[in-house]
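Colleague: Sharing structure07.cif here; it has mmCIF, C-alpha atoms.
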```cif
data_protein
#
loop_
_atom_site.label_atom_id
_atom_site.label_comp_id
_atom_site.auth_asym_id
_atom_site.auth_seq_id
_atom_site.Cartn_x
_atom_site.Cartn_y
_atom_site.Cartn_z
CA MET A 1454 44.39 -112.62 79.57
CA LYS A 1455 43.27 -112.57 75.95
CA ARG A 1456 44.63 -116.08 75.48
CA ILE A 1457 42.69 -117.38 78.49
CA LEU A 1458 39.50 -115.76 77.24
CA PHE A 1459 40.05 -117.28 73.81
CA ILE A 1460 40.53 -120.77 75.27
CA LEU A 1461 37.51 -120.35 77.53
CA THR A 1462 35.41 -119.27 74.56
CA LEU A 1463 36.67 -122.27 72.60
CA ILE A 1464 35.77 -124.65 75.43
CA MET A 1465 32.28 -123.21 75.78
CA SER A 1466 31.84 -123.40 72.02
CA LEU A 1467 32.93 -127.02 71.96
CA SER A 1468 30.69 -127.77 74.93
CA ALA A 1469 27.71 -126.18 73.23
CA GLN A 1470 28.39 -128.12 70.05
CA ALA A 1471 28.81 -131.34 71.99
CA GLN A 1472 25.61 -130.62 73.92
CA GLN A 1473 23.71 -130.16 70.67
CA GLU A 1474 25.16 -133.29 69.07
CA SER A 1475 24.62 -135.36 72.21
CA SER A 1476 21.24 -133.96 73.22
CA GLN A 1477 19.52 -137.16 72.08
CA PHE A 1478 22.17 -139.25 73.82
CA PHE A 1479 22.83 -137.91 77.32
CA GLN A 1480 22.86 -134.59 79.11
CA LEU A 1481 26.23 -132.92 79.52
CA PRO A 1482 27.16 -131.15 82.75
CA LEU A 1483 26.43 -127.48 83.34
CA VAL A 1484 29.18 -125.71 85.22
CA PRO A 1485 27.76 -123.72 88.17
CA ASP A 1486 28.01 -119.96 87.77
CA SER A 1487 29.57 -119.82 91.22
CA ILE A 1488 32.75 -121.35 89.78
CA LYS A 1489 34.57 -118.40 88.25
CA SER A 1490 38.11 -119.67 87.69
CA PHE A 1491 38.89 -120.95 84.21
CA GLN A 1492 40.89 -123.85 85.65
CA ARG A 1493 38.18 -124.88 88.10
CA ARG A 1494 35.45 -124.68 85.43
CA ALA A 1495 37.42 -126.96 83.13
CA ASP A 1496 38.09 -129.36 86.01
CA TYR A 1497 34.43 -129.45 87.00
CA TYR A 1498 33.34 -130.17 83.44
CA ILE A 1499 35.79 -133.05 83.03
CA GLN A 1500 35.00 -134.59 86.39
CA HIS A 1501 31.24 -134.51 85.83
CA TYR A 1502 31.17 -135.27 82.11
CA TRP A 1503 29.64 -138.75 82.46
CA ASP A 1504 27.26 -137.96 85.34
CA PHE A 1505 24.09 -138.21 83.24
CA CYS A 1506 25.24 -140.99 80.91
CA ASP A 1507 23.74 -144.45 81.43
CA LEU A 1508 26.88 -146.41 80.60
CA LYS A 1509 25.00 -149.71 80.58
CA LYS A 1510 22.92 -148.51 77.63
CA ALA A 1511 25.20 -145.96 75.97
CA PHE A 1512 27.36 -148.49 74.13
CA SER A 1513 24.39 -149.76 72.12
CA ALA A 1514 24.98 -146.62 70.01
CA ARG A 1515 28.73 -146.86 69.51
CA ASP A 1516 28.96 -144.07 66.95
CA LYS A 1517 27.42 -141.64 69.42
CA MET A 1518 29.54 -143.01 72.24
CA SER A 1519 32.67 -142.50 70.14
CA ARG A 1520 31.71 -138.89 69.48
CA ALA A 1521 30.99 -138.28 73.16
CA PHE A 1522 34.34 -139.81 74.09
CA TYR A 1523 36.20 -137.65 71.57
CA ASP A 1524 34.51 -134.53 72.98
CA TYR A 1525 35.55 -135.64 76.46
CA MET A 1526 39.17 -136.14 75.42
CA GLU A 1527 39.43 -132.89 73.47
CA LEU A 1528 38.73 -130.88 76.60
CA MET A 1529 41.37 -132.64 78.72
CA PRO A 1530 44.35 -130.44 77.76
CA HIS A 1531 42.53 -127.53 79.42
CA ALA A 1532 41.96 -129.26 82.78
CA SER A 1533 44.43 -129.97 85.57
CA ALA A 1534 46.25 -133.30 85.61
CA ASP A 1535 44.64 -134.31 88.92
CA ALA A 1536 41.15 -133.65 87.58
CA VAL A 1537 41.84 -135.54 84.36
CA PHE A 1538 43.36 -138.59 86.04
CA SER A 1539 40.64 -138.84 88.67
CA SER A 1540 37.96 -138.48 85.99
CA VAL A 1541 39.45 -141.26 83.84
CA ASP A 1542 39.93 -143.52 86.87
CA ALA A 1543 36.29 -143.07 87.90
CA PHE A 1544 35.05 -143.58 84.32
CA MET A 1545 37.02 -146.79 83.82
CA SER A 1546 35.93 -148.05 87.23
CA LYS A 1547 32.29 -147.73 86.16
CA LEU A 1548 33.09 -149.95 83.17
CA SER A 1549 34.72 -152.71 85.22
CA LYS A 1550 31.72 -155.02 84.77
CA GLN A 1551 31.44 -154.23 81.05
CA PRO A 1552 34.58 -155.85 79.58
CA LYS A 1553 33.59 -155.44 75.91
CA ASP A 1554 32.80 -151.78 76.43
CA MET A 1555 36.04 -151.27 78.33
CA LEU A 1556 37.98 -152.73 75.40
CA PHE A 1557 36.10 -150.43 73.03
CA ILE A 1558 37.16 -147.43 75.12
CA GLY A 1559 40.70 -148.81 75.15
CA GLU A 1560 40.76 -148.77 71.35
CA LEU A 1561 39.49 -145.19 71.27
CA ALA A 1562 42.04 -144.07 73.88
CA GLU A 1563 44.84 -145.79 71.99
CA GLY A 1564 43.91 -143.92 68.83
CA MET A 1565 43.82 -140.55 70.58
CA LEU A 1566 46.78 -140.91 72.94
CA TYR A 1567 49.18 -143.60 71.77
CA SER A 1568 48.97 -144.30 68.04
CA ASP A 1569 50.99 -142.64 65.29
CA THR A 1570 47.96 -140.46 64.51
CA ALA A 1571 47.29 -139.51 68.15
CA VAL A 1572 45.41 -136.23 68.54
CA PHE A 1573 47.58 -135.43 71.56
CA ALA A 1574 50.12 -137.99 72.66
CA SER A 1575 50.23 -138.65 76.40
CA ASP A 1576 51.77 -141.81 77.78
CA GLU A 1577 50.97 -140.78 81.35
CA LEU A 1578 47.27 -140.40 80.60
CA TYR A 1579 47.11 -143.53 78.44
CA ILE A 1580 48.42 -145.58 81.38
CA HIS A 1581 45.25 -144.64 83.30
CA PHE A 1582 43.25 -146.39 80.58
CA LEU A 1583 45.62 -149.34 80.28
CA GLU A 1584 45.83 -150.34 83.93
CA PRO A 1585 42.10 -151.02 84.45
CA ILE A 1586 41.99 -153.06 81.23
CA VAL A 1587 45.00 -155.19 82.15
CA ARG A 1588 43.83 -155.96 85.68
CA ASN A 1589 40.22 -156.65 84.69
CA LYS A 1590 39.62 -160.38 85.23
CA LYS A 1591 36.55 -160.34 82.99
CA ILE A 1592 38.72 -159.59 79.95
CA ASP A 1593 40.40 -162.68 78.49
CA LYS A 1594 44.19 -162.78 78.21
CA ASN A 1595 44.26 -162.72 74.42
CA SER A 1596 42.14 -159.57 74.27
CA LYS A 1597 44.35 -157.72 76.72
CA LEU A 1598 47.69 -159.02 75.36
CA ARG A 1599 48.43 -155.90 73.29
CA TYR A 1600 47.49 -153.60 76.15
CA GLN A 1601 49.63 -155.60 78.57
CA HIS A 1602 52.61 -155.23 76.21
CA GLN A 1603 52.05 -151.48 75.91
CA LEU A 1604 51.74 -151.09 79.68
CA ASN A 1605 54.91 -153.10 80.33
CA ILE A 1606 56.90 -150.85 78.01
CA LEU A 1607 55.44 -147.59 79.27
CA ASN A 1608 56.13 -148.63 82.85
CA THR A 1609 59.84 -149.12 82.13
CA CYS A 1610 60.82 -146.20 79.91
CA GLN A 1611 59.18 -143.03 81.15
CA PRO A 1612 61.22 -139.89 81.92
CA GLY A 1613 62.67 -140.20 85.41
CA MET A 1614 63.03 -143.97 85.19
CA THR A 1615 66.32 -145.80 84.79
CA ALA A 1616 66.85 -146.80 81.17
CA PRO A 1617 66.65 -150.60 80.87
CA ALA A 1618 69.97 -152.34 80.27
CA PHE A 1619 70.05 -154.50 77.14
CA ASP A 1620 72.21 -157.00 75.28
CA TYR A 1621 73.58 -156.17 71.86
CA VAL A 1622 75.88 -157.25 69.04
CA ASP A 1623 78.26 -154.67 67.59
CA ILE A 1624 79.34 -154.32 63.96
CA ASP A 1625 82.33 -156.60 64.63
CA GLY A 1626 80.04 -159.37 65.86
CA ALA A 1627 81.05 -158.98 69.51
CA ASN A 1628 78.40 -159.38 72.20
CA GLY A 1629 77.95 -156.72 74.85
CA ARG A 1630 75.53 -155.22 77.33
CA PHE A 1631 74.60 -151.55 77.50
CA GLU A 1632 74.67 -149.65 80.75
CA ALA A 1633 75.02 -145.88 80.99
CA ASP A 1634 78.55 -144.50 81.53
CA SER A 1635 78.48 -142.35 84.68
CA SER A 1636 81.64 -140.54 83.59
CA LYS A 1637 79.74 -138.88 80.74
CA LEU A 1638 77.45 -135.88 80.88
CA GLY A 1639 74.85 -137.97 79.13
CA THR A 1640 74.04 -140.64 76.58
CA ILE A 1641 71.89 -140.50 73.46
CA LEU A 1642 70.22 -143.77 72.52
CA PHE A 1643 69.42 -143.45 68.82
CA PHE A 1644 67.08 -146.23 67.67
CA ASN A 1645 67.05 -146.43 63.89
CA ASP A 1646 66.66 -148.69 60.89
CA PRO A 1647 68.81 -148.36 57.74
CA ASP A 1648 65.66 -148.83 55.64
CA CYS A 1649 63.97 -145.86 57.34
CA THR A 1650 64.35 -142.62 55.39
CA ASP A 1651 63.67 -140.39 58.40
CA CYS A 1652 66.26 -142.35 60.38
CA ASN A 1653 68.91 -141.83 57.72
CA LEU A 1654 68.18 -138.11 57.53
CA ALA A 1655 68.36 -137.83 61.32
CA ARG A 1656 71.69 -139.68 61.34
CA ILE A 1657 73.15 -137.37 58.69
CA ARG A 1658 72.05 -134.27 60.59
CA LEU A 1659 73.36 -135.58 63.90
CA ASP A 1660 76.68 -136.52 62.31
CA ALA A 1661 77.01 -133.14 60.58
CA ASP A 1662 76.28 -131.05 63.66
CA ILE A 1663 79.44 -129.30 64.82
CA LEU A 1664 78.38 -128.85 68.46
CA THR A 1665 77.28 -132.46 68.82
CA ASN A 1666 80.59 -133.64 67.36
CA ARG A 1667 82.47 -131.38 69.77
CA LEU A 1668 80.73 -133.02 72.75
CA VAL A 1669 81.23 -136.54 71.41
CA ASP A 1670 84.91 -135.98 70.54
CA ALA A 1671 85.52 -134.49 73.97
CA GLY A 1672 84.10 -137.61 75.58
CA LYS A 1673 81.23 -135.71 77.17
CA ILE A 1674 78.36 -137.36 75.30
CA ASP A 1675 77.96 -140.94 74.06
CA ILE A 1676 75.81 -141.68 71.03
CA ILE A 1677 74.65 -145.30 70.75
CA SER A 1678 73.10 -146.17 67.39
CA ILE A 1679 70.81 -149.15 67.88
CA TYR A 1680 69.21 -151.25 65.17
CA PRO A 1681 66.13 -153.05 66.58
CA GLY A 1682 66.65 -156.18 64.49
CA GLU A 1683 68.91 -159.10 63.74
CA PRO A 1684 72.57 -158.13 63.13
CA GLY A 1685 72.77 -159.62 59.63
CA PHE A 1686 74.97 -158.72 56.67
CA GLU A 1687 72.51 -156.16 55.27
CA TRP A 1688 72.63 -154.16 58.50
CA SER A 1689 76.36 -154.51 59.15
CA SER A 1690 77.29 -153.52 55.58
CA GLN A 1691 75.50 -150.20 56.09
CA ALA A 1692 76.33 -149.75 59.76
CA ILE A 1693 80.05 -149.81 59.00
CA THR A 1694 79.59 -146.42 57.31
CA TYR A 1695 78.10 -144.82 60.44
CA PRO A 1696 80.22 -142.30 62.40
CA LYS A 1697 83.24 -143.96 63.99
CA ALA A 1698 82.86 -141.92 67.17
CA TRP A 1699 79.48 -143.54 67.81
CA LYS A 1700 78.88 -147.01 69.16
CA THR A 1701 76.82 -148.89 66.57
CA VAL A 1702 74.99 -152.02 67.66
CA ALA A 1703 72.01 -154.28 66.92
CA SER A 1704 69.57 -155.59 69.53
CA PRO A 1705 66.79 -157.83 68.14
CA ASP A 1706 64.56 -157.82 71.23
CA ILE A 1707 64.96 -154.19 72.17
CA ASP A 1708 61.31 -153.43 71.34
CA GLU A 1709 60.35 -155.50 74.39
CA LEU A 1710 62.08 -152.94 76.62
CA TYR A 1711 61.77 -149.57 74.87
CA ASP A 1712 58.91 -147.65 73.33
CA LEU A 1713 59.76 -147.69 69.62
CA ARG A 1714 56.42 -146.61 68.15
CA HIS A 1715 58.16 -143.88 66.20
CA SER A 1716 61.20 -144.20 63.99
CA PRO A 1717 63.68 -142.79 64.63
CA ALA A 1718 63.45 -142.75 68.42
CA PHE A 1719 65.83 -140.88 70.70
CA TYR A 1720 66.29 -141.35 74.44
CA LEU A 1721 68.45 -138.85 76.30
CA LEU A 1722 69.96 -140.24 79.53
CA ASN A 1723 71.73 -138.52 82.38
CA PRO A 1724 75.06 -139.84 83.81
CA ASN A 1725 73.19 -142.20 86.14
CA GLY A 1726 71.25 -143.72 83.25
CA SER A 1727 67.93 -142.08 84.10
CA ILE A 1728 65.76 -141.10 81.15
CA LEU A 1729 65.60 -137.32 80.81
CA MET A 1730 63.40 -137.34 77.73
CA LYS A 1731 62.36 -139.28 74.67
CA THR A 1732 61.51 -137.92 71.25
CA SER A 1733 61.36 -138.79 67.57
CA ASP A 1734 62.49 -135.30 66.52
CA VAL A 1735 66.22 -134.92 65.89
CA ASN A 1736 65.80 -131.14 66.13
CA VAL A 1737 65.04 -131.50 69.83
CA ILE A 1738 68.29 -133.39 70.35
CA LEU A 1739 70.30 -130.88 68.33
CA ASP A 1740 68.80 -128.01 70.32
CA ILE A 1741 69.82 -129.66 73.60
CA MET A 1742 73.36 -130.22 72.31
CA ALA A 1743 73.50 -126.56 71.30
CA ARG A 1744 72.56 -125.56 74.85
CA ILE A 1745 75.10 -127.87 76.45
CA ALA A 1746 78.12 -127.25 74.21
CA PRO A 1747 78.83 -123.59 75.11
CA VAL A 1748 79.07 -124.35 78.84
CA VAL A 1749 81.19 -127.46 78.52
CA ARG A 1750 84.94 -127.10 78.50
CA THR A 1751 86.60 -129.21 75.86
CA PRO A 1752 90.29 -130.14 75.87
CA ARG A 1753 92.49 -127.78 73.94
CA ALA A 1754 94.33 -129.23 70.99
CA LYS A 1755 97.99 -129.87 71.67
CA PRO A 1756 100.33 -127.58 69.77
CA ALA A 1757 102.05 -129.19 66.83
CA GLU A 1758 105.60 -130.30 67.48
CA ASN A 1759 108.37 -128.85 65.36
#
```
What do you get writing this file as structure tokens?
Modeller:
Amino acid sequence: MKRILFILTLIMSLSAQAQQESSQFFQLPLVPDSIKSFQRRADYYIQHYWDFCDLKKAFSARDKMSRAFYDYMELMPHASADAVFSSVDAFMSKLSKQPKDMLFIGELAEGMLYSDTAVFASDELYIHFLEPIVRNKKIDKNSKLRYQHQLNILNTCQPGMTAPAFDYVDIDGANGRFEADSSKLGTILFFNDPDCTDCNLARIRLDADILTNRLVDAGKIDIISIYPGEPGFEWSSQAITYPKAWKTVASPDIDELYDLRHSPAFYLLNPNGSILMKTSDVNVILDIMARIAPVVRTPRAKPAEN
């Protein structure tokens, strides 16, 4: 209860601050006193945020519009998903005849939801900004090219989707094609670059983890180390030192299929090849392996012969 009251106080404080800063810009919504529930008050505020904003004039003051948009986004984590999505859809729909302004909002949304410095990363929410931009016929193809690329990737590698198959070259120079092995409990796709310090640290930790090694050695988990570049000598000379129990490959065009904003990038797949999760934090992967290992029976070592 104390936590809810704290959050509610924070929201009202932010709203009051936003109201003061935006008082010369546009009026912000006032939540009716009849709405008592914290969730419903947050939903109402999000859904009515732009009610009094003249969007045809507002973008003439882009600094103020940016501030208003940031205030709008900062309150979203406190509202329900349905309220947030419907609010964004309605907002972007109002901008359909303002292509330059829609692109401006796209840049702001990218910074808050998708970039490396995102305030709160949310692919699902970002898609609600991307789709109206991509399908808007008033926006030229060159201007929407980056957004189209982002949307294509996000629409193919979200949790619950089947991980895209891809071609690769292994460290011996042999060509192959990745598809998940249904006989395994799961597969870890580990996208990394030998020149990336965080990637190397993640690889060392993954290789040194006893429980992960137990699952790999028992044939329960596959780890595929993937270099998103050309399989040249520089890569292969380092890749040959990677754990022998892993499959180490290079796939130059993999960034056209997978979201590789962060390096390293991990995708955890189930036996059917569906994406269970994606993360850039090796600790998350190690924690999952620690949860799996105790409940998985591994083959006992054969007794030594006399």
Colleague: Expressed in Å to a single decimal, how great is the separation between atom CA of A:Leu1659 and atom CA of A:Glu1683?
Modeller: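 Between atom CA of A:Leu1659 and atom CA of A:Glu1683 the gap works out to 23.9 Å.
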Colleague: Expand the PyMOL selection byres ((chain A and resi 1701) around 7) into the individual residues it matches in the shown file, reporting them as a ChimeraX atom specification.
Modeller: /A:1623-1624,1677-1679,1692,1699-1700,1702
Colleague: Closest to A:Ala1633 among A:Ala1562, A:Ile1676, A:Ile1741, A:Ala1536, using all atoms listed in the file?
Modeller: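 Closest to A:Ala1633 of all the choices is A:Ile1676.
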Colleague: Determine the residue set returned by the PyMOL selection byres ((chain A and resi 1578-1583) around 12) for the present structure, and present it as a PyMOL selection string.
Modeller: chain A and resi 1526+1529-1530+1533-1546+1548-1549+1555-1568+1571+1573-1577+1584-1589+1597-1609+1611
Colleague: In Å, with one decimal, what is the gap from atom CA of A:Pro1717 to atom CA of A:Thr1732?
Modeller: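 Separation of atom CA of A:Pro1717 and atom CA of A:Thr1732: 8.5 Å.
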Colleague: How far is it from atom CA of A:Glu1527 to atom CA of A:Ile1499, in Å with one decimal?
Modeller: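 Computing it gives 10.2 Å between the two atoms.
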Colleague: For A:Asp1524, which residue out of A:Gln1691, A:Tyr1502, A:Pro1747, A:Arg1630 is the nearest one, using only C-alpha atoms?
Modeller: A:Tyr1502
Colleague: So that I can check the surroundings of stretch 1635-1641 of chain A, please list as an MDAnalysis selection string every protein, DNA and RNA residue that reaches within 6 Å of it, counting only C-alpha atoms and ignoring chain neighbours fewer than 3 positions away.
Modeller: chainID A and resid 1673:1676 1720:1725
Colleague: Between A:Ile1592, A:Ala1627, A:Ala1618, A:Ala1495, which is the closest to A:Ala1532 once you count all atoms listed in the file?
Modeller: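 Among the listed residues, A:Ala1495 lies closest to A:Ala1532.
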Colleague: Quick one: residues within 7 Å of A:Gly1613, all atoms listed in the file counted, chain neighbours fewer than 5 positions away excluded, as a PyMOL selection string?
Modeller: chain A and resi 1727-1729
Colleague: With distances taken over only C-alpha atoms, which of A:Val1622, A:Leu1528, A:Val1735, A:Cys1610 is nearest to A:Trp1688?
Modeller: A:Val1622
Colleague: Of the candidates A:Ala1616, A:Leu1668, A:Ala1511, A:Val1484, which one gets nearest to A:Gly1726 if we count only C-alpha atoms?
Modeller: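 The answer is A:Ala1616, which sits nearest to A:Gly1726.
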Colleague: Of the residues A:Asp1706, A:Asp1507, A:Asp1554, A:Asp1712, which is the one nearest to A:Ser1733, using only C-alpha atoms?
Modeller: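 The answer is A:Asp1712, which sits nearest to A:Ser1733.
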Colleague: Which residues match the PyMOL selection byres ((chain A and resi 1736) around 12) in the file above, as a PyMOL selection string?
Modeller: chain A and resi 1654-1656+1658-1659+1662+1665+1717+1719+1732-1735+1737-1743
